[in-house]
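Student: To be precise about what I am sending: the file is called data34.cif and holds mmCIF, C-alpha atoms and all ligand atoms.
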data_upload
loop_
_atom_site.group_PDB
_atom_site.id
_atom_site.type_symbol
_atom_site.label_atom_id
_atom_site.label_comp_id
_atom_site.auth_asym_id
_atom_site.auth_seq_id
_atom_site.Cartn_x
_atom_site.Cartn_y
_atom_site.Cartn_z
ATOM 1 C CA MET B 757 12.291 11.597 10.739
ATOM 2 C CA HIS B 758 11.006 10.379 7.363
ATOM 3 C CA SER B 759 11.613 12.734 4.456
ATOM 4 C CA LEU B 760 8.898 12.886 1.799
ATOM 5 C CA GLY B 761 9.335 14.142 -1.743
ATOM 6 C CA ILE B 762 6.268 15.462 -3.537
ATOM 7 C CA LEU B 763 5.974 15.599 -7.326
ATOM 8 C CA LEU B 764 3.146 17.665 -8.788
ATOM 9 C CA SER B 765 2.096 19.345 -12.015
ATOM 10 C CA GLY B 766 -0.931 21.441 -11.110
ATOM 11 C CA ARG B 767 -3.316 22.588 -8.406
ATOM 12 C CA GLY B 768 -1.611 20.734 -5.575
ATOM 13 C CA SER B 769 -4.580 19.996 -3.322
ATOM 14 C CA ASN B 770 -3.278 16.510 -2.510
ATOM 15 C CA PHE B 771 0.095 18.008 -1.624
ATOM 16 C CA VAL B 772 -1.631 20.535 0.676
ATOM 17 C CA ALA B 773 -3.625 17.713 2.318
ATOM 18 C CA ILE B 774 -0.385 15.808 3.010
ATOM 19 C CA ALA B 775 1.358 18.936 4.344
ATOM 20 C CA ASP B 776 -1.646 19.694 6.585
ATOM 21 C CA SER B 777 -1.670 16.117 7.897
ATOM 22 C CA ILE B 778 2.008 16.400 8.826
ATOM 23 C CA GLU B 779 1.425 19.749 10.553
ATOM 24 C CA ALA B 780 -1.574 18.396 12.454
ATOM 25 C CA GLY B 781 0.290 15.259 13.551
ATOM 26 C CA ARG B 782 -1.941 12.903 11.550
ATOM 27 C CA ILE B 783 1.279 11.786 9.863
ATOM 28 C CA ALA B 784 3.871 11.520 12.623
ATOM 29 C CA ASN B 785 7.623 11.741 12.411
ATOM 30 C CA ALA B 786 7.714 12.975 8.831
ATOM 31 C CA ARG B 787 8.625 16.123 6.944
ATOM 32 C CA ILE B 788 8.436 17.273 3.361
ATOM 33 C CA GLY B 789 12.042 17.354 2.129
ATOM 34 C CA VAL B 790 11.326 18.754 -1.308
ATOM 35 C CA VAL B 791 8.440 19.596 -3.638
ATOM 36 C CA ILE B 792 9.215 19.299 -7.334
ATOM 37 C CA THR B 793 7.177 20.322 -10.353
ATOM 38 C CA ASN B 794 7.759 19.955 -14.064
ATOM 39 C CA ARG B 795 5.567 23.015 -14.697
ATOM 40 C CA ALA B 796 6.691 26.455 -13.524
ATOM 41 C CA ASP B 797 3.071 27.656 -13.521
ATOM 42 C CA ALA B 798 1.796 24.886 -11.209
ATOM 43 C CA GLN B 799 -0.323 26.407 -8.449
ATOM 44 C CA GLY B 800 1.003 23.751 -6.060
ATOM 45 C CA ILE B 801 4.607 24.888 -6.343
ATOM 46 C CA ALA B 802 3.636 28.482 -5.437
ATOM 47 C CA ILE B 803 1.861 27.140 -2.350
ATOM 48 C CA ALA B 804 4.941 25.081 -1.420
ATOM 49 C CA ARG B 805 7.066 28.226 -1.613
ATOM 50 C CA GLN B 806 4.586 30.236 0.483
ATOM 51 C CA ARG B 807 4.769 27.490 3.089
ATOM 52 C CA GLY B 808 8.546 27.821 3.231
ATOM 53 C CA LEU B 809 9.229 24.384 1.774
ATOM 54 C CA THR B 810 12.061 23.611 -0.624
ATOM 55 C CA ALA B 811 10.322 23.946 -3.971
ATOM 56 C CA LEU B 812 12.008 23.176 -7.280
ATOM 57 C CA THR B 813 10.889 23.594 -10.868
ATOM 58 C CA ILE B 814 12.536 21.079 -13.172
ATOM 59 C CA PRO B 815 11.006 21.734 -16.593
ATOM 60 C CA SER B 816 10.328 18.728 -18.778
ATOM 61 C CA LYS B 817 9.751 20.646 -21.989
ATOM 62 C CA GLY B 818 12.373 20.066 -24.653
ATOM 63 C CA LYS B 819 14.066 17.224 -22.740
ATOM 64 C CA THR B 820 13.909 13.495 -23.293
ATOM 65 C CA ARG B 821 12.163 11.504 -20.561
ATOM 66 C CA ALA B 822 15.539 9.988 -19.616
ATOM 67 C CA GLU B 823 17.171 13.414 -19.211
ATOM 68 C CA HIS B 824 14.304 14.830 -17.183
ATOM 69 C CA ASP B 825 14.002 11.754 -14.961
ATOM 70 C CA ARG B 826 17.748 11.871 -14.250
ATOM 71 C CA GLU B 827 17.436 15.466 -13.019
ATOM 72 C CA VAL B 828 14.411 14.726 -10.852
ATOM 73 C CA VAL B 829 15.976 11.610 -9.319
ATOM 74 C CA ALA B 830 19.173 13.540 -8.582
ATOM 75 C CA ALA B 831 17.172 16.244 -6.765
ATOM 76 C CA LEU B 832 15.222 13.653 -4.750
ATOM 77 C CA LYS B 833 18.431 11.901 -3.719
ATOM 78 C CA GLN B 834 20.137 15.185 -2.893
ATOM 79 C CA HIS B 835 17.309 15.907 -0.457
ATOM 80 C CA ASN B 836 17.521 12.400 1.063
ATOM 81 C CA VAL B 837 13.954 11.626 0.185
ATOM 82 C CA GLU B 838 12.772 8.282 1.470
ATOM 83 C CA LEU B 839 9.202 8.205 0.146
ATOM 84 C CA ILE B 840 7.973 9.877 -3.037
ATOM 85 C CA CYS B 841 4.341 10.931 -3.368
ATOM 86 C CA LEU B 842 3.026 11.655 -6.841
ATOM 87 C CA ALA B 843 0.307 14.233 -6.320
ATOM 88 C CA GLY B 844 -1.186 15.090 -9.684
ATOM 89 C CA TYR B 845 2.167 14.566 -11.403
ATOM 90 C CA MET B 846 1.109 14.294 -15.008
ATOM 91 C CA ARG B 847 4.154 12.470 -16.301
ATOM 92 C CA LEU B 848 4.955 8.830 -16.745
ATOM 93 C CA LEU B 849 8.025 7.731 -14.808
ATOM 94 C CA SER B 850 10.581 5.731 -16.767
ATOM 95 C CA PRO B 851 11.333 2.181 -15.560
ATOM 96 C CA TRP B 852 14.778 3.458 -14.544
ATOM 97 C CA PHE B 853 13.186 6.094 -12.270
ATOM 98 C CA VAL B 854 10.929 3.483 -10.642
ATOM 99 C CA GLN B 855 13.903 1.166 -10.061
ATOM 100 C CA GLN B 856 15.759 3.905 -8.161
ATOM 101 C CA PHE B 857 13.117 3.776 -5.397
ATOM 102 C CA PRO B 858 11.673 0.265 -5.187
ATOM 103 C CA ARG B 859 8.310 0.263 -3.321
ATOM 104 C CA ARG B 860 9.038 3.848 -2.347
ATOM 105 C CA ILE B 861 6.865 5.721 -4.845
ATOM 106 C CA LEU B 862 3.134 6.244 -4.276
ATOM 107 C CA ASN B 863 0.527 7.575 -6.674
ATOM 108 C CA ILE B 864 -3.055 8.707 -6.229
ATOM 109 C CA HIS B 865 -5.581 8.113 -8.964
ATOM 110 C CA PRO B 866 -9.195 9.361 -9.060
ATOM 111 C CA SER B 867 -10.923 6.048 -9.813
ATOM 112 C CA LEU B 868 -11.239 2.580 -8.358
ATOM 113 C CA LEU B 869 -8.401 0.918 -10.258
ATOM 114 C CA PRO B 870 -8.176 -1.115 -12.390
ATOM 115 C CA ALA B 871 -11.186 0.788 -13.770
ATOM 116 C CA PHE B 872 -10.459 3.968 -15.719
ATOM 117 C CA PRO B 873 -6.662 4.347 -15.683
ATOM 118 C CA GLY B 874 -5.077 7.269 -17.515
ATOM 119 C CA LEU B 875 -6.309 10.810 -17.950
ATOM 120 C CA GLU B 876 -9.681 12.290 -16.881
ATOM 121 C CA ALA B 877 -10.646 9.253 -14.817
ATOM 122 C CA GLN B 878 -13.641 10.970 -13.202
ATOM 123 C CA GLU B 879 -14.989 11.967 -16.601
ATOM 124 C CA GLN B 880 -14.450 8.436 -17.925
ATOM 125 C CA ALA B 881 -16.319 6.929 -14.952
ATOM 126 C CA PHE B 882 -19.199 9.405 -15.175
ATOM 127 C CA ALA B 883 -19.598 8.883 -18.925
ATOM 128 C CA TYR B 884 -19.486 5.094 -18.491
ATOM 129 C CA GLY B 885 -22.424 5.324 -16.106
ATOM 130 C CA VAL B 886 -20.901 3.525 -13.121
ATOM 131 C CA LYS B 887 -22.885 3.791 -9.871
ATOM 132 C CA VAL B 888 -19.784 3.720 -7.666
ATOM 133 C CA SER B 889 -16.401 5.278 -8.280
ATOM 134 C CA GLY B 890 -13.701 6.559 -5.943
ATOM 135 C CA CYS B 891 -9.956 6.814 -5.629
ATOM 136 C CA THR B 892 -6.909 4.599 -5.254
ATOM 137 C CA VAL B 893 -3.490 5.088 -3.666
ATOM 138 C CA HIS B 894 -1.038 2.528 -4.987
ATOM 139 C CA PHE B 895 2.658 1.779 -5.293
ATOM 140 C CA VAL B 896 4.093 2.864 -8.615
ATOM 141 C CA ASP B 897 5.548 0.165 -10.819
ATOM 142 C CA GLU B 898 6.669 0.196 -14.432
ATOM 143 C CA GLU B 899 3.099 0.236 -15.800
ATOM 144 C CA LEU B 900 0.641 3.117 -15.785
ATOM 145 C CA ASP B 901 -1.694 3.306 -12.738
ATOM 146 C CA HIS B 902 -0.867 -0.296 -11.944
ATOM 147 C CA GLY B 903 1.181 -1.218 -8.816
ATOM 148 C CA PRO B 904 -0.124 -2.879 -5.616
ATOM 149 C CA ILE B 905 -3.051 -1.060 -4.012
ATOM 150 C CA ILE B 906 -2.579 0.476 -0.569
ATOM 151 C CA VAL B 907 -5.908 2.276 0.048
ATOM 152 C CA GLN B 908 -9.145 2.693 -1.898
ATOM 153 C CA LYS B 909 -12.185 4.821 -1.049
ATOM 154 C CA ALA B 910 -15.533 4.318 -2.740
ATOM 155 C CA VAL B 911 -17.784 7.229 -3.700
ATOM 156 C CA GLN B 912 -21.422 6.757 -4.758
ATOM 157 C CA VAL B 913 -22.500 8.344 -8.019
ATOM 158 C CA LEU B 914 -25.761 10.163 -7.242
ATOM 159 C CA GLU B 915 -28.762 10.428 -9.571
ATOM 160 C CA SER B 916 -28.396 14.210 -9.462
ATOM 161 C CA ASP B 917 -24.615 14.195 -10.077
ATOM 162 C CA THR B 918 -22.679 16.180 -12.600
ATOM 163 C CA GLU B 919 -19.134 15.200 -13.470
ATOM 164 C CA PRO B 920 -17.595 18.169 -11.584
ATOM 165 C CA ARG B 921 -19.650 17.380 -8.455
ATOM 166 C CA LEU B 922 -18.587 13.747 -8.547
ATOM 167 C CA ALA B 923 -14.946 14.801 -9.049
ATOM 168 C CA GLU B 924 -15.228 17.098 -6.040
ATOM 169 C CA ARG B 925 -16.497 14.327 -3.750
ATOM 170 C CA ILE B 926 -13.796 11.975 -5.040
ATOM 171 C CA LEU B 927 -11.177 14.656 -4.295
ATOM 172 C CA GLU B 928 -12.366 14.908 -0.666
ATOM 173 C CA GLN B 929 -11.772 11.171 -0.334
ATOM 174 C CA GLU B 930 -8.388 11.441 -2.070
ATOM 175 C CA HIS B 931 -7.195 13.783 0.647
ATOM 176 C CA ILE B 932 -8.178 11.299 3.351
ATOM 177 C CA ALA B 933 -6.849 8.283 1.452
ATOM 178 C CA TYR B 934 -3.375 9.725 0.846
ATOM 179 C CA THR B 935 -2.729 10.329 4.536
ATOM 180 C CA GLU B 936 -3.886 6.802 5.387
ATOM 181 C CA ALA B 937 -1.675 5.278 2.699
ATOM 182 C CA ILE B 938 1.415 7.238 3.777
ATOM 183 C CA ASN B 939 0.882 6.099 7.364
ATOM 184 C CA ILE B 940 0.618 2.463 6.279
ATOM 185 C CA VAL B 941 3.791 2.671 4.192
ATOM 186 C CA LEU B 942 5.806 4.548 6.827
ATOM 187 C CA SER B 943 4.713 2.074 9.505
ATOM 188 C CA ALA B 944 6.360 -0.697 7.434
ATOM 189 C CA ASP B 945 3.765 -2.911 9.092
ATOM 190 C CA PHE B 946 2.520 -4.675 5.994
ATOM 191 C CA GLU B 947 3.461 -7.398 3.574
ATOM 192 C CA ILE B 948 2.823 -7.757 -0.117
ATOM 193 C CA SER B 949 2.269 -11.084 -1.779
ATOM 194 C CA GLY B 950 1.579 -10.913 -5.477
ATOM 195 C CA ARG B 951 -0.448 -7.731 -5.783
ATOM 196 C CA ARG B 952 -2.064 -8.037 -2.365
ATOM 197 C CA LEU B 953 -0.971 -5.726 0.421
ATOM 198 C CA ARG B 954 -1.917 -6.991 3.864
ATOM 199 C CA ARG B 955 -1.442 -5.089 7.097
ATOM 200 C CA ARG B 956 0.191 -7.161 9.806
HETATM 201 C C1 LIG C 1 -6.123 14.416 -8.504
HETATM 202 O O1 LIG C 1 -7.500 14.198 -8.724
HETATM 203 C C2 LIG C 1 -5.327 13.159 -8.740
HETATM 204 O O2 LIG C 1 -5.988 11.992 -8.316
HETATM 205 C C3 LIG C 1 -5.193 13.171 -10.245
HETATM 206 O O3 LIG C 1 -4.910 14.525 -10.542
HETATM 207 C C4 LIG C 1 -5.545 15.361 -9.584
HETATM 208 C C5 LIG C 1 -4.529 16.302 -9.000
HETATM 209 O O4 LIG C 1 -5.149 17.233 -8.161
HETATM 210 N N1 LIG C 1 -4.140 12.308 -10.682
HETATM 211 C C6 LIG C 1 -4.227 11.565 -11.791
HETATM 212 O O5 LIG C 1 -5.167 11.586 -12.555
HETATM 213 C C7 LIG C 1 -3.024 10.655 -12.030
HETATM 214 N N2 LIG C 1 -3.317 9.665 -13.030
HETATM 215 P P1 LIG C 1 -4.290 18.093 -7.136
HETATM 216 O O6 LIG C 1 -3.183 18.768 -7.968
HETATM 217 O O7 LIG C 1 -5.260 19.096 -6.593
HETATM 218 O O8 LIG C 1 -3.734 17.167 -6.089
#
Can you turn what I pasted into structure tokens?
Ligand code: GAR
Tutor:
Amino acid sequence: MHSLGILLSGRGSNFVAIADSIEAGRIANARIGVVITNRADAQGIAIARQRGLTALTIPSKGKTRAEHDREVVAALKQHNVELICLAGYMRLLSPWFVQQFPRRILNIHPSLLPAFPGLEAQEQAFAYGVKVSGCTVHFVDEELDHGPIIVQKAVQVLESDTEPRLAERILEQEHIAYTEAINIVLSADFEISGRRLRRR
């Protein structure tokens, strides 16, 4: 049984999508070992608790990145987490953190990387006037929104769109993409050469 660790800072809809996929058998042979937030008021952590999952708040405020990362890594290891899913975790991981779990940390980002990394990606894409945007699930490396890509989903920008409507349609695709990416990684049936992930 694979143990997943979820890190989140807010709403938690990607976490809920992953938890639902596990419950429905769309992700087989996996469980959520621990859900961790850096923000006590994150909606996602309340949902994790309601669902009876191990849910920890490890505040980042007032700590150095190194101190906070050490605490989070210790909690993940204590819960024997094998794969870490960043699900709206609004903190940069230190290189040390990334090195603790090589090719074992995934992130979801609401744009087609390498376009629009960083904050408010949907807003950036909408303001830029792109006709297609989407989402990306990728391995986390030492750079922001950067590691090898596992899954991408494209979303058309409609003539009638507003930024919130576009963000909503991207979010629907995020929920599908994360489950697909987790299944690919847990299957171990892929190889990476350079940045390119290829399924075997
Ligand atoms: C999602 O749109 C996710 O892609 C984005 O934060 C949102 C979290 O929503 N992540 C990033 O922008 C990371 N750079 P959720 O809490 O409902 O899953």
Student: If I take atom CA of B:Ile778 and atom CA of B:Thr813, how far is one from the other in Å, to one decimal?
Tutor: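 For atom CA of B:Ile778 relative to atom CA of B:Thr813, the distance reads 22.8 Å.
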Student: Taking only C-alpha atoms and all ligand atoms into account, report as a ChimeraX atom specification which residues have an atom no farther than 7 Å from an atom of ligand LIG 1 (chain C).
Tutor: /B:764-771,800,843-846,864-866,873-877,901,927,930
Student: Using Å and a single decimal, report how far atom CA of B:Gln908 sits from atom CA of B:Asn863.
Tutor: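 These atoms are spaced 11.8 Å apart.
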Student: Go through B:Ala780, B:Val893, B:Leu849, B:Ile762 one by one, measure the shortest atom-to-atom distance of each to B:Thr810 using only C-alpha atoms, and give the residue with the smallest value.
Tutor: B:Ile762
Student: Please write as a PyMOL selection string the full residue list that the PyMOL selection byres (((chain B and resi 815) around 8) and not hetatm) yields on this file.
Tutor: chain B and resi 793-796+813-814+816-817+824
Student: Starting from the sparse input, extend stretch 794-828 of chain B to N, CA and C atoms and give the output as a JSON list (two decimals), in the coordinates of the input.
Tutor:
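Once everything was written out, this is part_35.json:
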[["chain", "number", "residue", "atom", "x", "y", "z"],
["B", 794, "ASN", "N", 7.22, 19.83, -12.70],
["B", 794, "ASN", "CA", 7.76, 19.95, -14.06],
["B", 794, "ASN", "C", 7.19, 21.19, -14.75],
["B", 795, "ARG", "N", 6.23, 21.85, -14.08],
["B", 795, "ARG", "CA", 5.57, 23.02, -14.70],
["B", 795, "ARG", "C", 5.72, 24.24, -13.81],
["B", 796, "ALA", "N", 6.42, 25.25, -14.32],
["B", 796, "ALA", "CA", 6.69, 26.46, -13.52],
["B", 796, "ALA", "C", 5.40, 27.13, -13.07],
["B", 797, "ASP", "N", 4.32, 26.96, -13.86],
["B", 797, "ASP", "CA", 3.07, 27.66, -13.52],
["B", 797, "ASP", "C", 2.16, 26.83, -12.61],
["B", 798, "ALA", "N", 2.64, 25.72, -12.08],
["B", 798, "ALA", "CA", 1.80, 24.89, -11.21],
["B", 798, "ALA", "C", 1.44, 25.66, -9.94],
["B", 799, "GLN", "N", 0.14, 25.71, -9.66],
["B", 799, "GLN", "CA", -0.32, 26.41, -8.45],
["B", 799, "GLN", "C", 0.32, 25.79, -7.19],
["B", 800, "GLY", "N", 0.47, 24.47, -7.22],
["B", 800, "GLY", "CA", 1.00, 23.75, -6.06],
["B", 800, "GLY", "C", 2.41, 24.19, -5.68],
["B", 801, "ILE", "N", 3.21, 24.55, -6.66],
["B", 801, "ILE", "CA", 4.61, 24.89, -6.34],
["B", 801, "ILE", "C", 4.65, 26.28, -5.68],
["B", 802, "ALA", "N", 3.72, 27.16, -6.09],
["B", 802, "ALA", "CA", 3.64, 28.48, -5.44],
["B", 802, "ALA", "C", 3.23, 28.30, -3.97],
["B", 803, "ILE", "N", 2.30, 27.39, -3.73],
["B", 803, "ILE", "CA", 1.86, 27.14, -2.35],
["B", 803, "ILE", "C", 3.02, 26.57, -1.52],
["B", 804, "ALA", "N", 3.79, 25.67, -2.13],
["B", 804, "ALA", "CA", 4.94, 25.08, -1.42],
["B", 804, "ALA", "C", 5.92, 26.18, -1.00],
["B", 805, "ARG", "N", 6.16, 27.12, -1.91],
["B", 805, "ARG", "CA", 7.07, 28.23, -1.61],
["B", 805, "ARG", "C", 6.52, 29.09, -0.48],
["B", 806, "GLN", "N", 5.22, 29.42, -0.58],
["B", 806, "GLN", "CA", 4.59, 30.24, 0.48],
["B", 806, "GLN", "C", 4.73, 29.56, 1.84],
["B", 807, "ARG", "N", 4.69, 28.22, 1.83],
["B", 807, "ARG", "CA", 4.77, 27.49, 3.09],
["B", 807, "ARG", "C", 6.21, 27.31, 3.55],
["B", 808, "GLY", "N", 7.15, 27.87, 2.81],
["B", 808, "GLY", "CA", 8.55, 27.82, 3.23],
["B", 808, "GLY", "C", 9.21, 26.49, 2.97],
["B", 809, "LEU", "N", 8.63, 25.68, 2.08],
["B", 809, "LEU", "CA", 9.23, 24.38, 1.77],
["B", 809, "LEU", "C", 10.23, 24.54, 0.63],
["B", 810, "THR", "N", 11.15, 23.61, 0.51],
["B", 810, "THR", "CA", 12.06, 23.61, -0.62],
["B", 810, "THR", "C", 11.27, 23.23, -1.86],
["B", 811, "ALA", "N", 11.20, 24.14, -2.81],
["B", 811, "ALA", "CA", 10.32, 23.95, -3.97],
["B", 811, "ALA", "C", 11.13, 24.14, -5.24],
["B", 812, "LEU", "N", 11.18, 23.12, -6.07],
["B", 812, "LEU", "CA", 12.01, 23.18, -7.28],
["B", 812, "LEU", "C", 11.15, 23.02, -8.53],
["B", 813, "THR", "N", 11.48, 23.81, -9.55],
["B", 813, "THR", "CA", 10.89, 23.59, -10.87],
["B", 813, "THR", "C", 11.95, 22.95, -11.74],
["B", 814, "ILE", "N", 11.64, 21.76, -12.24],
["B", 814, "ILE", "CA", 12.54, 21.08, -13.17],
["B", 814, "ILE", "C", 11.74, 20.86, -14.45],
["B", 815, "PRO", "N", 11.86, 21.80, -15.40],
["B", 815, "PRO", "CA", 11.01, 21.73, -16.59],
["B", 815, "PRO", "C", 11.28, 20.47, -17.40],
["B", 816, "SER", "N", 10.19, 19.94, -17.96],
["B", 816, "SER", "CA", 10.33, 18.73, -18.78],
["B", 816, "SER", "C", 10.35, 19.07, -20.27],
["B", 817, "LYS", "N", 9.87, 20.25, -20.58],
["B", 817, "LYS", "CA", 9.75, 20.65, -21.99],
["B", 817, "LYS", "C", 11.11, 20.64, -22.68],
["B", 818, "GLY", "N", 11.14, 20.04, -23.86],
["B", 818, "GLY", "CA", 12.37, 20.07, -24.65],
["B", 818, "GLY", "C", 13.43, 19.07, -24.21],
["B", 819, "LYS", "N", 13.09, 18.24, -23.17],
["B", 819, "LYS", "CA", 14.07, 17.22, -22.74],
["B", 819, "LYS", "C", 13.51, 15.84, -23.04],
["B", 820, "THR", "N", 14.39, 14.87, -23.18],
["B", 820, "THR", "CA", 13.91, 13.50, -23.29],
["B", 820, "THR", "C", 13.46, 13.06, -21.90],
["B", 821, "ARG", "N", 12.62, 12.01, -21.86],
["B", 821, "ARG", "CA", 12.16, 11.50, -20.56],
["B", 821, "ARG", "C", 13.36, 11.09, -19.71],
["B", 822, "ALA", "N", 14.36, 10.46, -20.36],
["B", 822, "ALA", "CA", 15.54, 9.99, -19.62],
["B", 822, "ALA", "C", 16.28, 11.16, -18.98],
["B", 823, "GLU", "N", 16.45, 12.24, -19.75],
["B", 823, "GLU", "CA", 17.17, 13.41, -19.21],
["B", 823, "GLU", "C", 16.41, 14.02, -18.04],
["B", 824, "HIS", "N", 15.11, 14.20, -18.23],
["B", 824, "HIS", "CA", 14.30, 14.83, -17.18],
["B", 824, "HIS", "C", 14.27, 13.96, -15.93],
["B", 825, "ASP", "N", 14.05, 12.66, -16.12],
["B", 825, "ASP", "CA", 14.00, 11.75, -14.96],
["B", 825, "ASP", "C", 15.33, 11.77, -14.20],
["B", 826, "ARG", "N", 16.44, 11.84, -14.93],
["B", 826, "ARG", "CA", 17.75, 11.87, -14.25],
["B", 826, "ARG", "C", 17.85, 13.08, -13.34],
["B", 827, "GLU", "N", 17.37, 14.23, -13.83],
["B", 827, "GLU", "CA", 17.44, 15.47, -13.02],
["B", 827, "GLU", "C", 16.55, 15.37, -11.79],
["B", 828, "VAL", "N", 15.35, 14.82, -11.98],
["B", 828, "VAL", "CA", 14.41, 14.73, -10.85],
["B", 828, "VAL", "C", 14.95, 13.75, -9.80]]
